[in-house]
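**Student:** The structure is given below, and queries will be raised subsequently.
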Amino acid sequence: MNKNVEKLYQLAGKTSRKIIGLMSGTSMDGLDVALCEISGSGEDTVVKLLNFQTVDYSEAIKTEIRKVFAKKTIDFQHLALLNEWIGLLHAEMILDCLKKWEIATDEVDLVASHGQTVMHAPKILHQQEMFPNATLQIGDGDHIAVKTGIITLSDFRQKHIAAGGEGAPLAVYGDYFIFGKKGENRIMLNMGGIANFTFLPASMNPEEVFVTDTGTGNTLIDAFTRVYFPDLAYDKDAAIAKQGIVNARLLEVLKADNFFFAPFPKTTGPELFSIEYVKRAQEISKTESISVNDLLATLTRFSAETISEAIHWAVGSQSLADFNIYLSGGGMHNPLLVQWLKELIPSNFFKTDDLGISGDAKEAVLFAILANETVAGGGSDFGTRKGIPSVAMGKISFPS
């Protein structure tokens, strides 16, 4: 037996595994590195978050990624170079974290790398009949495995698409395994660049689990903050938006896109919700001259209302008072966005921190869970509904 395959076989049989989950989202703030100890699999998964750090991307890194990010026309050579370069950068960040945490690489069983999304193109967006759903994450897993010496799983979203999904949201699997609770209706609301939520029914019946993107989370707020304030990465504490007034005309046009009338579940990305999207809406609504404060207030309200409307649709006739909503992602730190969500959704609000997993670390942890499931699980059945194929995900890269 090949020694790498033998090692993987041995890892699968261990009582618990130490897995590093990596996540870099569409906000491109940096790389989330979560060292987890995971035992069991499926509904019996138990996770302990041992260490977590967000390694910030420098402006130079962000600049290189933005050259290809969510663009239909790019320098193809630059994309190829970035694929290798991001893999090496992520490997260096892993090694730096392990050194800081005083943990040797041979103490880590697996790396679960999401990679850096540069294009998300489900059919609902590209509208080309002959082509399937598509997505692309760069940061080659072989480079991570070779540089760190740790078996690496990467490129998780491709299997999801191959099995009939749209490649997102993938949080549903980890949400169900570690956050589902018999007798409690939970909504796990993650607000990254794009917002999505998982509905976890009190019945804990996997065939009743529901997941979807809702539209923009932070991506437009962050983008226009950078346009008007190049030294700011985002509107911290909604300080700018709080000084503005929501423009009803602009908000109406922003919400008029066909995406919001398409059936659930669905996915999207900054390919749709871009600076150009807002500028077109401003032209149609004749609001090009509104202040930056009013613009950011309107974009924050846009996120709040589209999240709320999606949750109301998913819950249907059930009372939202019977649901607990758990927040994660950068949007949970936006006080204006959270305030409006609480006004629009009459539920009980918490953070995933209250369930033992940091809301900032959650997505990285969930990819560690996906890797654990591929190596040691795979027995859960989510039925045959659109959007949640019952598959093991991630391509395996060996260090040697």
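Letters for chains follow the order of the structure tokens (A, B, ...), residue numbers begin at 1 for each chain, and ligand numbers begin at 1 in the order shown.
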Within 12 Å of segment 177-199 of chain A, which residues of segment 40-132 of chain A come that close, and what is the closest atom pair and distance in Å for each? Count only C-alpha atoms and give it as CSV.

**Tutor:**
residue,atom,partner,partner_atom,distance
A:Gly40,CA,A:Phe177,CA,10.2
A:Ser41,CA,A:Phe177,CA,7.9
A:Gly42,CA,A:Phe177,CA,5.6
A:Glu43,CA,A:Phe177,CA,4.6
A:Asp44,CA,A:Phe177,CA,7.0
A:Thr45,CA,A:Phe177,CA,6.1
A:Val46,CA,A:Ile178,CA,6.8
A:Val47,CA,A:Ile178,CA,7.5
A:Lys48,CA,A:Ile178,CA,10.6
A:Thr117,CA,A:Gly193,CA,11.4
A:His120,CA,A:Ile194,CA,11.4

**Student:** Near Lys3 of chain A, counting only C-alpha atoms, which residues have an atom at most 12 Å away, once you skip same-chain residues fewer than 5 positions from it, shown as a PyMOL selection string?

**Tutor:** chain A and resi 8-10+151+398-400

**Student:** With 12 Å as the cut-off and only C-alpha atoms counted, what is the closest atom pair between each nearby residue of segment 128-231 of chain A and segment 64-68 of chain A? Distances in Å to one decimal, ordered by chain and number, as a Markdown table.

**Tutor:**
| residue | atom | partner | partner_atom | distance |
| --- | --- | --- | --- | --- |
| A:Leu136 | CA | A:Val68 | CA | 11.2 |
| A:Gln137 | CA | A:Ile65 | CA | 11.4 |
| A:Ile138 | CA | A:Ile65 | CA | 9.9 |
| A:Gly139 | CA | A:Ile65 | CA | 11.1 |
| A:Ala223 | CA | A:Arg66 | CA | 11.8 |

**Student:** Please identify the strand (DSSP E or B) residues within segment 345-379 of chain A (assignment by DSSP from backbone atoms) and present them as a PyMOL selection string.

**Tutor:** chain A and resi 348-351

**Student:** For Ser319 of chain A, list every protein, DNA or RNA residue within 12 Å, evaluated using only C-alpha atoms, and leave out those in the same chain fewer than 6 positions away; present the list as an MDAnalysis selection string.

**Tutor:** chainID A and resid 185 311:313 345:348

**Student:** Near segment 216-220 of chain A, within 10 Å and counting only C-alpha atoms, which residues show up once chain neighbours fewer than 3 positions away are dropped, as JSON, numbers by chain?

**Tutor:** {"A": [26, 27, 28, 190, 191, 192, 193, 194, 195, 196, 213, 223, 224, 225, 226, 234, 235, 268, 269, 270, 272, 273, 274, 275, 277, 278, 296, 299, 300, 302, 303, 304, 306, 307, 329, 330, 331, 334, 337]}

**Student:** Show me, as a ChimeraX atom specification, the residues that have an atom within 12 Å of Leu125 of chain A when counting only C-alpha atoms, minus same-chain residues fewer than 5 positions from it.

**Tutor:** /A:119-120,131-135,166,257-260,262,266-273

**Student:** Write a file of the selected residues as a PDB file, in the first residue's frame, keeping C-alpha atoms.

**Tutor:**
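again13.pdb was written with the following content:
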ATOM      1  CA  MET A 119     -15.464  33.430  -9.590  1.00  0.00           C
ATOM      2  CA  HIS A 120     -18.834  32.005  -8.601  1.00  0.00           C
ATOM      3  CA  PHE A 131     -23.186  25.206 -19.369  1.00  0.00           C
ATOM      4  CA  PRO A 132     -23.637  23.869 -15.823  1.00  0.00           C
ATOM      5  CA  ASN A 133     -23.199  25.622 -12.474  1.00  0.00           C
ATOM      6  CA  ALA A 134     -19.590  26.662 -11.956  1.00  0.00           C
ATOM      7  CA  THR A 135     -17.271  28.088  -9.329  1.00  0.00           C
ATOM      8  CA  GLU A 166     -24.504  25.130  -6.965  1.00  0.00           C
ATOM      9  CA  ASP A 257     -33.172  42.372  -9.540  1.00  0.00           C
ATOM     10  CA  ASN A 258     -34.397  39.031 -10.876  1.00  0.00           C
ATOM     11  CA  PHE A 259     -32.252  37.206  -8.321  1.00  0.00           C
ATOM     12  CA  PHE A 260     -34.700  38.121  -5.583  1.00  0.00           C
ATOM     13  CA  ALA A 262     -35.876  33.349  -8.392  1.00  0.00           C
ATOM     14  CA  LYS A 266     -30.049  29.758  -4.740  1.00  0.00           C
ATOM     15  CA  THR A 267     -26.533  31.141  -4.573  1.00  0.00           C
ATOM     16  CA  THR A 268     -24.884  34.326  -5.716  1.00  0.00           C
ATOM     17  CA  GLY A 269     -21.734  36.396  -5.355  1.00  0.00           C
ATOM     18  CA  PRO A 270     -19.971  39.711  -5.980  1.00  0.00           C
ATOM     19  CA  GLU A 271     -20.185  38.877  -9.673  1.00  0.00           C
ATOM     20  CA  LEU A 272     -23.760  40.190  -9.416  1.00  0.00           C
ATOM     21  CA  PHE A 273     -23.562  42.428  -6.359  1.00  0.00           C
TER      22      PHE A 273
END

**Student:** Figure out the distance between atom CA of Ile150 of chain A and atom CA of Glu6 of chain A, please, to one decimal in Å.

**Tutor:** 14.1 Å

**Student:** Could I get the residues of segment 131-211 of chain A with an atom no further than 10 Å from an atom of segment 81-88 of chain A, each paired with its nearest atom pair and that distance in Å to one decimal, using only C-alpha atoms, sorted by chain and residue number, as a Markdown table?

**Tutor:**
| residue | atom | partner | partner_atom | distance |
| --- | --- | --- | --- | --- |
| A:Gln137 | CA | A:Asn83 | CA | 8.4 |
| A:Ile138 | CA | A:Asn83 | CA | 4.7 |
| A:Gly139 | CA | A:Gly87 | CA | 3.8 |
| A:Asp140 | CA | A:Gly87 | CA | 4.8 |
| A:Gly141 | CA | A:Gly87 | CA | 6.5 |
| A:Asp142 | CA | A:Gly87 | CA | 8.0 |
| A:His143 | CA | A:Gly87 | CA | 5.6 |
| A:Ile144 | CA | A:Gly87 | CA | 5.6 |
| A:Ala145 | CA | A:Gly87 | CA | 9.2 |
| A:Val146 | CA | A:Leu88 | CA | 9.4 |
| A:Lys147 | CA | A:Leu88 | CA | 7.2 |
| A:Thr148 | CA | A:Leu88 | CA | 9.4 |

**Student:** Here is a test: counting only C-alpha atoms, which residue of A:Asn205, A:Asn372, A:Leu35, A:Ile124 is nearest to Leu98 of chain A?

**Tutor:**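 Of A:Asn205, A:Asn372, A:Leu35, A:Ile124, the one nearest Leu98 of chain A, counting only C-alpha atoms, is A:Leu35.
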
**Student:** As number ranges by chain, please: every residue in segment 126-303 of chain A that a backbone DSSP assignment puts in alpha helix (DSSP H).

**Tutor:** A: 126, 141-148, 157-162, 171-179, 219-228, 248-254, 275-285, 292-303

**Student:** Give me, as a PDB file with all heavy atoms, in the first residue's frame, all polymer residues having an atom no more than 8 Å from Leu366 of chain A, counting only C-alpha atoms and skipping those fewer than 6 positions away in the same chain.

**Tutor:**
ATOM      1  N   GLY A  21      -8.685  24.074   9.633  1.00  0.00           N
ATOM      2  CA  GLY A  21      -9.628  24.582   8.641  1.00  0.00           C
ATOM      3  C   GLY A  21      -9.196  25.965   8.188  1.00  0.00           C
ATOM      4  O   GLY A  21      -8.825  26.809   9.013  1.00  0.00           O
ATOM      5  N   ALA A 171     -22.042  25.505   4.257  1.00  0.00           N
ATOM      6  CA  ALA A 171     -22.133  25.538   5.726  1.00  0.00           C
ATOM      7  C   ALA A 171     -23.179  24.582   6.268  1.00  0.00           C
ATOM      8  O   ALA A 171     -23.099  24.145   7.418  1.00  0.00           O
ATOM      9  CB  ALA A 171     -22.439  26.961   6.198  1.00  0.00           C
ATOM     10  N   TYR A 173     -23.766  21.485   6.025  1.00  0.00           N
ATOM     11  CA  TYR A 173     -23.344  20.188   6.539  1.00  0.00           C
ATOM     12  C   TYR A 173     -22.798  20.314   7.964  1.00  0.00           C
ATOM     13  O   TYR A 173     -23.242  19.619   8.877  1.00  0.00           O
ATOM     14  CB  TYR A 173     -22.297  19.578   5.611  1.00  0.00           C
ATOM     15  CG  TYR A 173     -22.807  19.396   4.199  1.00  0.00           C
ATOM     16  CD1 TYR A 173     -22.577  20.368   3.215  1.00  0.00           C
ATOM     17  CD2 TYR A 173     -23.552  18.278   3.844  1.00  0.00           C
ATOM     18  CE1 TYR A 173     -23.060  20.224   1.929  1.00  0.00           C
ATOM     19  CE2 TYR A 173     -24.041  18.116   2.545  1.00  0.00           C
ATOM     20  CZ  TYR A 173     -23.788  19.091   1.596  1.00  0.00           C
ATOM     21  OH  TYR A 173     -24.279  18.946   0.318  1.00  0.00           O
ATOM     22  N   GLY A 174     -21.862  21.211   8.147  1.00  0.00           N
ATOM     23  CA  GLY A 174     -21.317  21.413   9.486  1.00  0.00           C
ATOM     24  C   GLY A 174     -22.339  21.984  10.441  1.00  0.00           C
ATOM     25  O   GLY A 174     -22.377  21.621  11.623  1.00  0.00           O
ATOM     26  N   ASP A 175     -23.196  22.891   9.931  1.00  0.00           N
ATOM     27  CA  ASP A 175     -24.253  23.453  10.783  1.00  0.00           C
ATOM     28  C   ASP A 175     -25.115  22.339  11.357  1.00  0.00           C
ATOM     29  O   ASP A 175     -25.421  22.318  12.555  1.00  0.00           O
ATOM     30  CB  ASP A 175     -25.128  24.420   9.973  1.00  0.00           C
ATOM     31  CG  ASP A 175     -24.493  25.781   9.771  1.00  0.00           C
ATOM     32  OD1 ASP A 175     -23.516  26.088  10.468  1.00  0.00           O
ATOM     33  OD2 ASP A 175     -24.976  26.529   8.904  1.00  0.00           O
TER      34      ASP A 175
END

**Student:** From the options A:Val118, A:Ile325, A:Val365, A:Val209, which residue's atoms come nearest to Phe382 of chain A, counting only C-alpha atoms?

**Tutor:** A:Val209

**Student:** For Val55 of chain A, work out the shell of residues within 8 Å, counting only C-alpha atoms and skipping chain neighbours fewer than 3 positions away, then give it as a PyMOL selection string.

**Tutor:** chain A and resi 30-33+93
